[in-house]
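Structure file entry_19.txt (compact mmCIF, C-alpha atoms) follows.
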```
# COMPACT_ATOMS: atom_id res chain seq x y z
CA MET H 1 -21.83 -42.77 -7.68
CA SER H 2 -20.51 -45.30 -10.11
CA ASN H 3 -23.19 -45.17 -12.80
CA LYS H 4 -24.13 -42.29 -15.05
CA THR H 5 -27.77 -42.03 -14.00
CA ILE H 6 -28.87 -38.92 -12.11
CA GLN H 7 -31.79 -39.53 -9.75
CA VAL H 8 -33.51 -36.19 -9.40
CA SER H 9 -35.43 -37.31 -6.30
CA LYS H 10 -32.10 -37.73 -4.49
CA VAL H 11 -30.28 -34.74 -5.97
CA LEU H 12 -33.01 -32.20 -5.08
CA PRO H 13 -32.92 -32.58 -1.27
CA VAL H 14 -29.12 -32.42 -1.38
CA MET H 15 -29.39 -29.22 -3.41
CA LEU H 16 -31.81 -27.80 -0.81
CA SER H 17 -29.10 -28.33 1.78
CA PHE H 18 -26.92 -25.96 -0.27
CA ILE H 19 -29.65 -23.34 0.04
CA VAL H 20 -29.52 -23.78 3.82
CA MET H 21 -25.74 -23.54 3.51
CA GLY H 22 -26.21 -20.13 1.89
CA PHE H 23 -27.96 -18.77 4.98
CA VAL H 24 -24.57 -18.05 6.57
CA ASP H 25 -24.05 -15.23 4.05
CA ILE H 26 -26.73 -13.20 5.83
CA VAL H 27 -23.86 -12.16 8.13
CA GLY H 28 -22.96 -9.44 5.61
CA VAL H 29 -26.16 -7.43 5.68
CA SER H 30 -26.76 -8.37 9.34
CA ALA H 31 -23.44 -6.81 10.34
CA GLY H 32 -24.57 -3.52 8.80
CA TYR H 33 -27.96 -3.48 10.52
CA VAL H 34 -26.64 -4.65 13.89
CA LYS H 35 -23.85 -2.09 13.72
CA GLN H 36 -26.44 0.62 13.07
CA ASP H 37 -28.96 -0.62 15.65
CA PHE H 38 -26.43 -0.87 18.49
CA ASN H 39 -24.00 1.88 17.39
CA LEU H 40 -21.01 -0.45 17.08
CA SER H 41 -17.52 0.28 15.75
CA ASN H 42 -16.52 -1.36 12.47
CA THR H 43 -14.12 -3.71 14.28
CA LEU H 44 -16.76 -4.75 16.84
CA ALA H 45 -19.30 -5.35 14.08
CA GLN H 46 -16.86 -7.85 12.55
CA LEU H 47 -17.44 -10.07 15.61
CA ILE H 48 -20.65 -11.18 13.87
CA PRO H 49 -18.93 -13.04 11.01
CA SER H 50 -16.25 -14.19 13.44
CA MET H 51 -18.88 -15.80 15.69
CA ALA H 52 -20.25 -17.63 12.66
CA PHE H 53 -17.03 -18.72 11.00
CA ILE H 54 -14.78 -19.66 13.95
CA TRP H 55 -16.75 -22.91 14.25
CA PHE H 56 -15.47 -24.06 10.90
CA PHE H 57 -12.03 -24.25 12.50
CA LEU H 58 -13.22 -25.96 15.69
CA LEU H 59 -15.84 -28.42 14.45
CA SER H 60 -15.05 -29.39 10.87
CA VAL H 61 -12.63 -32.22 11.58
CA PRO H 62 -14.77 -33.71 14.40
CA THR H 63 -17.78 -33.52 12.07
CA GLY H 64 -15.86 -35.35 9.32
CA ILE H 65 -14.96 -38.08 11.79
CA LEU H 66 -18.56 -38.39 13.07
CA GLN H 67 -20.04 -38.61 9.59
CA ASP H 68 -17.51 -41.31 8.74
CA ARG H 69 -19.22 -43.32 11.50
CA TYR H 70 -22.87 -42.22 11.41
CA GLY H 71 -23.36 -41.22 7.79
CA LYS H 72 -23.54 -37.95 5.91
CA ARG H 73 -27.35 -37.79 5.71
CA PHE H 74 -27.77 -38.02 9.49
CA ILE H 75 -25.06 -35.42 10.12
CA ILE H 76 -26.43 -32.98 7.54
CA ASN H 77 -29.86 -33.10 9.20
CA VAL H 78 -28.30 -32.26 12.56
CA GLY H 79 -26.64 -29.24 10.97
CA MET H 80 -29.78 -27.95 9.28
CA GLY H 81 -31.75 -28.39 12.52
CA VAL H 82 -29.20 -26.36 14.51
CA THR H 83 -29.32 -23.66 11.81
CA GLY H 84 -33.11 -23.41 12.09
CA LEU H 85 -32.97 -23.11 15.88
CA GLY H 86 -30.38 -20.33 15.65
CA MET H 87 -32.57 -18.30 13.32
CA LEU H 88 -35.38 -18.28 15.90
CA LEU H 89 -33.41 -16.57 18.70
CA PRO H 90 -33.65 -12.89 17.54
CA LEU H 91 -37.41 -13.31 17.12
CA VAL H 92 -37.62 -13.90 20.90
CA SER H 93 -35.17 -11.20 22.01
CA TYR H 94 -33.11 -8.70 20.04
CA SER H 95 -29.82 -7.55 21.53
CA PHE H 96 -26.17 -7.61 20.53
CA PRO H 97 -25.38 -10.65 22.76
CA VAL H 98 -28.42 -12.51 21.33
CA MET H 99 -27.26 -11.74 17.79
CA LEU H 100 -23.82 -13.13 18.64
CA ALA H 101 -25.50 -16.28 19.98
CA THR H 102 -27.60 -16.50 16.81
CA PHE H 103 -24.54 -16.49 14.63
CA VAL H 104 -22.77 -18.95 16.90
CA LEU H 105 -25.59 -21.44 16.22
CA LEU H 106 -25.67 -20.49 12.54
CA GLY H 107 -21.92 -21.10 12.36
CA ILE H 108 -22.17 -24.47 14.12
CA GLY H 109 -25.05 -25.60 11.91
CA ASN H 110 -23.43 -24.34 8.74
CA THR H 111 -20.14 -26.04 9.57
CA ILE H 112 -21.90 -29.38 9.93
CA VAL H 113 -23.88 -28.88 6.70
CA GLN H 114 -20.82 -27.90 4.67
CA VAL H 115 -18.73 -30.85 5.84
CA ALA H 116 -21.50 -33.31 4.94
CA ALA H 117 -23.11 -31.76 1.85
CA ASN H 118 -20.15 -31.81 -0.55
CA PRO H 119 -19.24 -35.51 -0.14
CA LEU H 120 -22.96 -36.40 -0.01
CA LEU H 121 -23.32 -34.74 -3.42
CA GLN H 122 -20.57 -37.07 -4.61
CA ASP H 123 -22.87 -39.99 -3.68
CA VAL H 124 -25.80 -38.83 -5.84
CA VAL H 125 -24.12 -37.66 -9.08
CA PRO H 126 -21.83 -39.44 -11.58
CA GLY H 127 -18.13 -39.00 -10.86
CA SER H 128 -17.50 -37.46 -14.29
CA ARG H 129 -20.06 -34.74 -13.53
CA PHE H 130 -18.92 -33.97 -9.98
CA ALA H 131 -16.93 -30.80 -10.77
CA SER H 132 -19.84 -29.42 -12.78
CA PHE H 133 -22.35 -30.26 -10.04
CA MET H 134 -20.08 -28.72 -7.39
CA SER H 135 -20.21 -25.42 -9.26
CA PHE H 136 -23.96 -25.79 -9.80
CA SER H 137 -24.48 -26.44 -6.08
CA GLN H 138 -22.59 -23.23 -5.33
CA PHE H 139 -24.85 -21.50 -7.86
CA ILE H 140 -27.83 -22.70 -5.83
CA LYS H 141 -26.14 -21.41 -2.67
CA ALA H 142 -25.50 -18.08 -4.39
CA ILE H 143 -29.22 -17.65 -5.13
CA CYS H 144 -29.85 -17.75 -1.39
CA SER H 145 -26.92 -15.42 -0.76
CA LEU H 146 -28.31 -13.00 -3.34
CA LEU H 147 -31.82 -13.02 -1.90
CA GLY H 148 -30.67 -12.51 1.70
CA PRO H 149 -29.79 -8.77 1.49
CA ILE H 150 -32.80 -8.14 -0.78
CA LEU H 151 -35.22 -9.80 1.67
CA ALA H 152 -33.62 -8.06 4.66
CA THR H 153 -33.90 -4.66 2.95
CA PHE H 154 -37.51 -5.43 1.89
CA PHE H 155 -38.57 -6.41 5.40
CA ALA H 156 -36.77 -3.37 6.85
CA SER H 157 -38.45 -0.90 4.48
CA ARG H 158 -41.90 -2.51 4.35
CA TYR H 159 -42.32 -3.77 7.93
CA GLY H 160 -39.56 -1.95 9.79
CA ASP H 161 -37.94 -5.24 10.85
CA TRP H 162 -35.08 -6.72 8.82
CA LYS H 163 -35.00 -9.74 11.15
CA LEU H 164 -38.11 -11.23 9.53
CA VAL H 165 -35.76 -12.72 6.95
CA LEU H 166 -34.55 -15.03 9.72
CA THR H 167 -38.08 -16.46 10.05
CA VAL H 168 -37.98 -17.45 6.39
CA TYR H 169 -34.61 -19.08 6.98
CA ALA H 170 -35.84 -21.02 10.03
CA VAL H 171 -38.88 -22.45 8.22
CA THR H 172 -36.76 -23.44 5.19
CA SER H 173 -34.20 -25.18 7.43
CA PHE H 174 -36.81 -27.33 9.14
CA LEU H 175 -38.45 -28.24 5.82
CA ALA H 176 -35.05 -29.27 4.46
CA VAL H 177 -34.55 -31.56 7.48
CA LEU H 178 -37.87 -33.31 6.79
CA TRP H 179 -37.16 -33.79 3.08
CA MET H 180 -33.68 -35.18 3.69
CA TYR H 181 -34.96 -37.47 6.47
CA PHE H 182 -37.47 -39.13 4.13
CA THR H 183 -35.00 -39.48 1.22
CA PRO H 184 -32.97 -42.72 1.26
CA ILE H 185 -29.44 -42.27 -0.12
CA ALA H 186 -26.88 -45.05 -0.58
CA GLU H 187 -23.67 -43.56 0.78
CA ALA H 188 -20.22 -44.68 -0.37
CA LYS H 189 -18.32 -46.43 2.41
CA PRO H 190 -14.60 -46.93 1.70
CA GLU H 191 -13.09 -50.23 2.83
CA ARG H 192 -10.80 -48.85 5.49
CA LYS H 193 -10.72 -48.10 9.19
CA PRO H 194 -12.99 -45.25 10.37
CA ALA H 195 -11.45 -41.79 10.31
CA THR H 196 -9.67 -40.44 13.38
CA PHE H 197 -8.14 -37.08 14.31
CA ALA H 198 -4.73 -38.53 13.57
CA SER H 199 -5.70 -39.85 10.12
CA CYS H 200 -7.35 -36.54 9.30
CA PHE H 201 -4.46 -34.26 10.24
CA ARG H 202 -1.95 -36.69 8.77
CA LEU H 203 -3.28 -35.65 5.36
CA LEU H 204 -1.71 -32.22 5.93
CA LYS H 205 1.67 -33.87 5.45
CA SER H 206 0.76 -33.88 1.76
CA PRO H 207 2.11 -30.55 0.38
CA PHE H 208 -0.72 -30.51 -2.15
CA ILE H 209 -3.50 -30.93 0.44
CA LEU H 210 -1.87 -28.31 2.69
CA LEU H 211 -1.66 -25.90 -0.25
CA MET H 212 -5.35 -26.41 -1.02
CA VAL H 213 -6.47 -26.12 2.61
CA VAL H 214 -4.72 -22.75 2.94
CA GLY H 215 -6.27 -21.81 -0.41
CA ILE H 216 -9.76 -22.45 0.99
CA PHE H 217 -8.82 -20.31 4.03
CA PHE H 218 -8.11 -17.34 1.77
CA VAL H 219 -11.01 -17.99 -0.64
CA VAL H 220 -13.59 -17.89 2.14
CA GLY H 221 -11.79 -15.05 3.92
CA CYS H 222 -11.98 -12.95 0.76
CA ASP H 223 -15.62 -13.89 0.18
CA VAL H 224 -16.71 -12.95 3.70
CA GLY H 225 -14.44 -9.91 3.65
CA MET H 226 -16.26 -8.71 0.53
CA ASN H 227 -19.68 -9.65 1.90
CA THR H 228 -19.25 -7.81 5.20
CA ASN H 229 -17.44 -4.74 3.84
CA ILE H 230 -19.17 -3.90 0.54
CA ALA H 231 -21.78 -1.76 2.31
CA TYR H 232 -19.09 -0.04 4.38
CA TYR H 233 -16.97 0.48 1.25
CA LEU H 234 -19.79 2.09 -0.77
CA LYS H 235 -21.01 4.15 2.19
CA THR H 236 -17.54 5.42 3.10
CA ALA H 237 -16.11 5.95 -0.38
CA PHE H 238 -19.19 7.40 -2.09
CA GLY H 239 -21.52 8.59 0.69
CA LEU H 240 -24.40 6.20 -0.03
CA SER H 241 -27.10 5.46 2.55
CA LEU H 242 -26.90 2.14 4.39
CA GLU H 243 -29.90 0.81 2.44
CA ASP H 244 -28.41 1.75 -0.96
CA ALA H 245 -24.96 0.56 0.06
CA SER H 246 -26.37 -2.77 1.33
CA LEU H 247 -27.84 -3.45 -2.11
CA GLY H 248 -24.25 -3.47 -3.35
CA ILE H 249 -23.98 -6.84 -1.62
CA SER H 250 -26.68 -8.11 -3.99
CA VAL H 251 -24.54 -6.96 -6.95
CA TYR H 252 -21.75 -9.15 -5.62
CA PHE H 253 -24.00 -12.16 -5.09
CA THR H 254 -25.63 -11.70 -8.50
CA ALA H 255 -22.16 -12.03 -9.99
CA LEU H 256 -21.52 -15.13 -7.86
CA MET H 257 -24.76 -16.67 -9.08
CA ILE H 258 -24.03 -15.96 -12.76
CA GLY H 259 -20.41 -17.09 -12.39
CA ARG H 260 -21.33 -20.37 -10.72
CA PHE H 261 -24.02 -21.23 -13.24
CA SER H 262 -21.57 -20.47 -16.05
CA GLY H 263 -18.89 -22.48 -14.27
CA ALA H 264 -21.18 -25.51 -14.05
CA VAL H 265 -21.41 -25.43 -17.85
CA ILE H 266 -17.79 -24.51 -18.61
CA LEU H 267 -16.39 -27.24 -16.37
CA ASN H 268 -17.78 -29.86 -18.72
CA TRP H 269 -15.02 -28.84 -21.14
CA ILE H 270 -12.19 -27.19 -19.18
CA ARG H 271 -9.99 -28.65 -16.47
CA PRO H 272 -10.51 -27.26 -12.94
CA GLY H 273 -6.86 -26.21 -12.58
CA ARG H 274 -6.90 -23.95 -15.65
CA PHE H 275 -10.27 -22.51 -14.72
CA LEU H 276 -8.96 -21.74 -11.21
CA ILE H 277 -6.13 -19.61 -12.64
CA LEU H 278 -8.42 -17.77 -15.06
CA THR H 279 -11.11 -16.90 -12.53
CA THR H 280 -8.60 -15.82 -9.88
CA LEU H 281 -7.08 -13.35 -12.34
CA ILE H 282 -10.56 -11.92 -12.99
CA ALA H 283 -11.14 -11.51 -9.23
CA ILE H 284 -7.83 -9.66 -8.81
CA ILE H 285 -8.73 -7.30 -11.68
CA GLY H 286 -12.07 -6.58 -9.98
CA LEU H 287 -10.47 -5.80 -6.61
CA ILE H 288 -7.91 -3.45 -8.14
CA GLY H 289 -10.76 -1.79 -10.04
CA MET H 290 -12.62 -1.22 -6.75
CA ILE H 291 -9.57 0.53 -5.35
CA LEU H 292 -9.31 2.83 -8.41
CA ALA H 293 -13.06 3.38 -9.05
CA PRO H 294 -13.88 7.12 -9.29
CA ASP H 295 -17.63 6.81 -8.65
CA ALA H 296 -20.28 4.48 -7.22
CA LEU H 297 -21.39 3.19 -10.62
CA LEU H 298 -17.95 1.96 -11.64
CA ALA H 299 -17.43 0.65 -8.11
CA ARG H 300 -20.51 -1.57 -8.54
CA VAL H 301 -19.18 -2.75 -11.93
CA PHE H 302 -15.89 -3.83 -10.33
CA ILE H 303 -17.75 -5.42 -7.40
CA PHE H 304 -19.58 -7.47 -10.03
CA ILE H 305 -16.30 -8.42 -11.75
CA THR H 306 -14.81 -9.45 -8.40
CA GLY H 307 -17.83 -11.64 -7.70
CA LEU H 308 -17.64 -13.15 -11.18
CA GLY H 309 -14.01 -14.10 -10.63
CA SER H 310 -14.57 -15.37 -7.08
CA ALA H 311 -17.63 -17.45 -7.97
CA ASN H 312 -16.00 -20.82 -8.59
CA LEU H 313 -12.87 -20.67 -6.45
CA PHE H 314 -14.31 -22.68 -3.56
CA PRO H 315 -15.82 -25.54 -5.64
CA LEU H 316 -12.73 -25.66 -7.86
CA ILE H 317 -10.31 -26.10 -4.96
CA PHE H 318 -12.68 -28.53 -3.25
CA THR H 319 -13.07 -30.62 -6.42
CA ILE H 320 -9.33 -30.70 -7.14
CA SER H 321 -8.70 -31.85 -3.56
CA LEU H 322 -11.35 -34.61 -3.56
CA GLU H 323 -10.08 -35.88 -6.92
CA LYS H 324 -6.63 -36.15 -5.36
CA MET H 325 -7.87 -38.41 -2.51
CA PRO H 326 -11.38 -39.71 -3.27
CA ASP H 327 -11.09 -42.55 -0.74
CA ARG H 328 -10.48 -40.01 2.05
CA ALA H 329 -13.42 -37.77 1.10
CA ASN H 330 -14.76 -37.31 4.64
CA GLU H 331 -11.36 -36.41 6.05
CA VAL H 332 -10.45 -34.10 3.15
CA SER H 333 -13.87 -32.46 3.47
CA GLY H 334 -13.30 -31.94 7.19
CA LEU H 335 -9.95 -30.25 6.57
CA MET H 336 -11.33 -28.12 3.75
CA ILE H 337 -14.27 -26.89 5.80
CA MET H 338 -11.98 -26.30 8.78
CA ALA H 339 -10.20 -23.81 6.55
CA VAL H 340 -13.50 -21.94 6.11
CA ALA H 341 -12.41 -20.36 9.42
CA GLY H 342 -10.69 -17.88 7.13
CA GLY H 343 -14.11 -16.23 7.09
CA ALA H 344 -13.63 -15.45 10.78
CA VAL H 345 -10.01 -14.29 10.56
CA LEU H 346 -9.62 -12.27 7.36
CA PRO H 347 -12.62 -9.92 7.91
CA LEU H 348 -11.14 -8.96 11.31
CA VAL H 349 -7.84 -8.19 9.60
CA VAL H 350 -9.66 -6.17 6.93
CA GLY H 351 -11.63 -4.25 9.58
CA ALA H 352 -8.52 -3.51 11.66
CA VAL H 353 -6.51 -2.41 8.61
CA SER H 354 -9.42 -0.23 7.47
CA GLU H 355 -9.50 1.65 10.77
CA SER H 356 -5.72 1.98 11.09
CA ALA H 357 -4.60 2.50 7.48
CA GLY H 358 -7.73 3.32 5.49
CA LEU H 359 -10.10 1.74 2.99
CA THR H 360 -7.56 1.23 0.18
CA ALA H 361 -5.18 -0.68 2.45
CA SER H 362 -8.00 -2.95 3.61
CA LEU H 363 -8.82 -3.87 -0.01
CA MET H 364 -5.14 -4.62 -0.62
CA VAL H 365 -5.43 -7.34 2.05
CA LEU H 366 -7.95 -9.07 -0.22
CA VAL H 367 -5.71 -8.59 -3.27
CA ALA H 368 -2.82 -10.26 -1.43
CA ALA H 369 -5.02 -13.21 -0.43
CA MET H 370 -6.12 -13.65 -4.04
CA GLY H 371 -2.46 -13.58 -5.05
CA TYR H 372 -1.88 -16.69 -2.93
CA ILE H 373 -4.81 -18.45 -4.60
CA LEU H 374 -3.34 -17.62 -8.02
CA VAL H 375 -0.03 -19.19 -7.01
CA ALA H 376 -1.89 -22.24 -5.67
CA GLY H 377 -3.65 -22.56 -9.02
CA PHE H 378 -0.35 -22.61 -10.93
CA LEU H 379 1.06 -25.21 -8.54
CA ALA H 380 -2.10 -27.31 -8.99
CA MET H 381 -1.57 -27.22 -12.73
CA ARG H 382 2.06 -28.32 -12.31
CA SER H 383 0.91 -31.29 -10.26
CA LYS H 384 -1.18 -32.41 -13.25
CA ILE H 385 -4.32 -32.87 -11.14
CA LYS H 386 -7.39 -32.61 -13.34
```

In structure tokens, what does this structure look like?
Amino acid sequence: MSNKTIQVSKVLPVMLSFIVMGFVDIVGVSAGYVKQDFNLSNTLAQLIPSMAFIWFFLLSVPTGILQDRYGKRFIINVGMGVTGLGMLLPLVSYSFPVMLATFVLLGIGNTIVQVAANPLLQDVVPGSRFASFMSFSQFIKAICSLLGPILATFFASRYGDWKLVLTVYAVTSFLAVLWMYFTPIAEAKPERKPATFASCFRLLKSPFILLMVVGIFFVVGCDVGMNTNIAYYLKTAFGLSLEDASLGISVYFTALMIGRFSGAVILNWIRPGRFLILTTLIAIIGLIGMILAPDALLARVFIFITGLGSANLFPLIFTISLEKMPDRANEVSGLMIMAVAGGAVLPLVVGAVSESAGLTASLMVLVAAMGYILVAGFLAMRSKIK
């Protein structure tokens, strides 16, 4: 967007797509309930986030290529529609295979939405405000992520059926499709040949883009690893019930929400590279605190600190990358969202390490991943990318 005017009528439906994007975070509390309902092992329960996040690896680049041809608004509506359909499946039949199918569709839909939503946001806000709006959009997403475990716990305790939260998600997805369909948006179209697989993957020859893509892999892996293991961590380390332990996920997402709202304000004055280093350090402190916490109260405090530090890592890396190659936004977005597959890989590693080496070792996996992001932040600063 070349001018400095913000058209609220165009920004709002794009922001609603970020709420739909947040639906994927229901995998955390869902993993706990499905594990309990079907008596699954911790490793098997991690198949749920894997079914959702593996599609980021498989479909992101093809989605980026398709939206380069058909437009971001059309593609984002396809994604939100697929998300809504996926949420309806468990309401028809509830079994472990059906839940895997549900999260396959959720993963496919969410992949499409994430590839399209970030560059579409670039079309409706001024360029100078993009970093701030990226953090604010993740704040909007965090509200949904925060409400997910709360709604699931409410429906489970009040009506005996946590899956009713999926009905809310389905209705919201279909409403978002209608709003976006009836909102005209002028999309930026670079004067170049349409994107191809070759042009997309050729970008990985840039050491900077490769560094950032791997950074996204670890950012999302850590986020999903926290989301899907907080309940297990609190239950195992401190003997909490599943319901009480699941509310620990809301502590994490509350911190994400506060951190992203604060980041949207702070990024008006601080460069993304410096903020990336600062917030990564905070996340590492929180994770180490979780390992050393002597009781459930302090554990929740450090979960909050971890969430506060993790809040802006994704939008910061995404913004830095798009600023590096703004004319290749669709292709960069495809590569970045492909790296969201870290949400399928890292939780499996965390689950396997937890069962073989214990809870502390599994948290150290997340500390190591954050260490890479810290190094990436320093290298981003050295490259003088704002």

*asked:* Just checking: using all atoms listed in the file, which residue out of H:Gly107, H:Val11, H:Ile75, H:Thr319 ends up closest to Phe57 of chain H?
replied: H:Gly107

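Considering the residues H:Ser206, H:Asn42, H:Ser173, H:Gln7 and counting all atoms listed in the file, Val124 of chain H has its shortest atom-to-atom contact with H:Gln7.
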
*Near segment 237-243 of chain H, within 12 Å and counting only C-alpha atoms, which residues show up once chain neighbours fewer than 2 positions away are dropped, as a ChimeraX atom specification?*
/H:29-37,149-157,162,229-235,245-250,290-300,358-360

*For each of H:Met80, H:Val125, H:Cys222, H:Leu203, take the minimum atom-to-atom distance to Glu187 of chain H, counting all atoms listed in the file, then give the residue where this is smallest.*
H:Val125

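Interatomic distance, atom CA of Leu164 of chain H to atom CA of Ile258 of chain H: 26.8 Å.
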
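The set of protein, DNA and RNA residues with any counted atom at most 12 Å from (-34.7, -30.6, 15.5) (all atoms listed in the file) reads Phe74, Ile76, Asn77, Val78, Gly79, Met80, Gly81, Val82, Thr83, Gly84, Leu85, Gly86, Gly109, Ala170, Val171, Ser173, Phe174, Leu175, Ala176, Val177, Leu178 and Tyr181 of chain H.
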
*What lies within 8 Å of Phe218 of chain H using all atoms listed in the file, ignoring chain neighbours under 2 positions off, as an MDAnalysis selection string?*
chainID H and resid 214:216 220:222 342 346 369:370 372:373

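Neighbouring residues of segment 128-145 of chain H at 7 Å or closer, counting only C-alpha atoms and skipping chain neighbours under 6 positions away, are Met15, Phe18, Ile19, Met21, Gly22, Phe23, Asp25, Ile26, Gln122, Phe253, Leu256, Met257, Arg260, Phe261, Gly263, Ala264, Val265, Leu267, Asn268, Asn312, Pro315 and Thr319 of chain H.
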
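Here atom CA of Leu100 of chain H is placed at a distance of 10.6 Å from atom CA of Val27 of chain H.
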
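What separates atom CA of Ile108 of chain H from atom CA of Val92 of chain H is a distance of 19.9 Å.
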
*Protein/DNA/RNA residues near (-12.4, -41.4, -1.1), cut 10 Å, all atoms listed in the file, as a PyMOL selection string*: chain H and resi 119+122+188-191+322-332

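Look at Leu120 of chain H: the protein and nucleic acid residues within 8 Å of it, using only C-alpha atoms and passing over chain neighbours fewer than 6 places away, are H:Val14, H:Lys72, H:Arg73, H:Glu187.
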
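Nearest residue to Leu366 of chain H, choosing from H:Leu316, H:Leu105, H:Ala380, H:Ile288 and counting all atoms listed in the file: H:Ile288.
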
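Using all atoms listed in the file, the nearest neighbour of Tyr252 of chain H within the list H:Pro272, H:Pro13, H:Gly160, H:Gly225 is H:Gly225.
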
*asked:* Neighbouring residues of Ile305 of chain H were defined as those with any atom within 9 Å, considering all atoms listed in the file; residues of the same chain fewer than 2 positions away were excluded. Please report them as a VMD selection string.
replied: chain H and resid 252 255 282 to 283 285 to 287 289 300 to 303 307 to 310

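The closest residue to Ser321 of chain H, picked from H:Phe275, H:Phe38, H:Phe182, H:Phe208 and counting all atoms listed in the file, is H:Phe208.
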
N, CA and C atoms are what I want for segment 107-120 of chain H; can you complete it accordingly and write them as a compact mmCIF listing (two decimals), keeping the file's coordinate frame?
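The resulting file, selection_27.txt, is shown below:
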```txt
# COMPACT_ATOMS: atom_id res chain seq x y z
N GLY H 107 -23.25 -20.62 12.72
CA GLY H 107 -21.92 -21.10 12.36
C GLY H 107 -21.75 -22.59 12.62
N ILE H 108 -22.25 -23.04 13.79
CA ILE H 108 -22.17 -24.47 14.12
C ILE H 108 -22.96 -25.29 13.11
N GLY H 109 -24.21 -24.88 12.86
CA GLY H 109 -25.05 -25.60 11.91
C GLY H 109 -24.47 -25.60 10.51
N ASN H 110 -23.96 -24.45 10.10
CA ASN H 110 -23.43 -24.34 8.74
C ASN H 110 -22.16 -25.15 8.57
N THR H 111 -21.34 -25.21 9.61
CA THR H 111 -20.14 -26.04 9.57
C THR H 111 -20.50 -27.49 9.30
N ILE H 112 -21.48 -27.98 10.06
CA ILE H 112 -21.90 -29.38 9.93
C ILE H 112 -22.45 -29.64 8.52
N VAL H 113 -23.28 -28.72 8.03
CA VAL H 113 -23.88 -28.88 6.70
C VAL H 113 -22.80 -28.90 5.62
N GLN H 114 -21.83 -27.98 5.71
CA GLN H 114 -20.82 -27.90 4.67
C GLN H 114 -19.91 -29.12 4.63
N VAL H 115 -19.57 -29.66 5.81
CA VAL H 115 -18.73 -30.85 5.84
C VAL H 115 -19.43 -32.02 5.18
N ALA H 116 -20.75 -32.14 5.43
CA ALA H 116 -21.50 -33.31 4.94
C ALA H 116 -22.01 -33.15 3.51
N ALA H 117 -22.40 -31.94 3.12
CA ALA H 117 -23.11 -31.76 1.85
C ALA H 117 -22.25 -32.06 0.64
N ASN H 118 -20.99 -31.62 0.64
CA ASN H 118 -20.15 -31.81 -0.55
C ASN H 118 -19.86 -33.28 -0.83
N PRO H 119 -19.42 -34.08 0.16
CA PRO H 119 -19.24 -35.51 -0.14
C PRO H 119 -20.55 -36.25 -0.36
N LEU H 120 -21.67 -35.77 0.24
CA LEU H 120 -22.96 -36.40 -0.01
C LEU H 120 -23.38 -36.18 -1.47
```
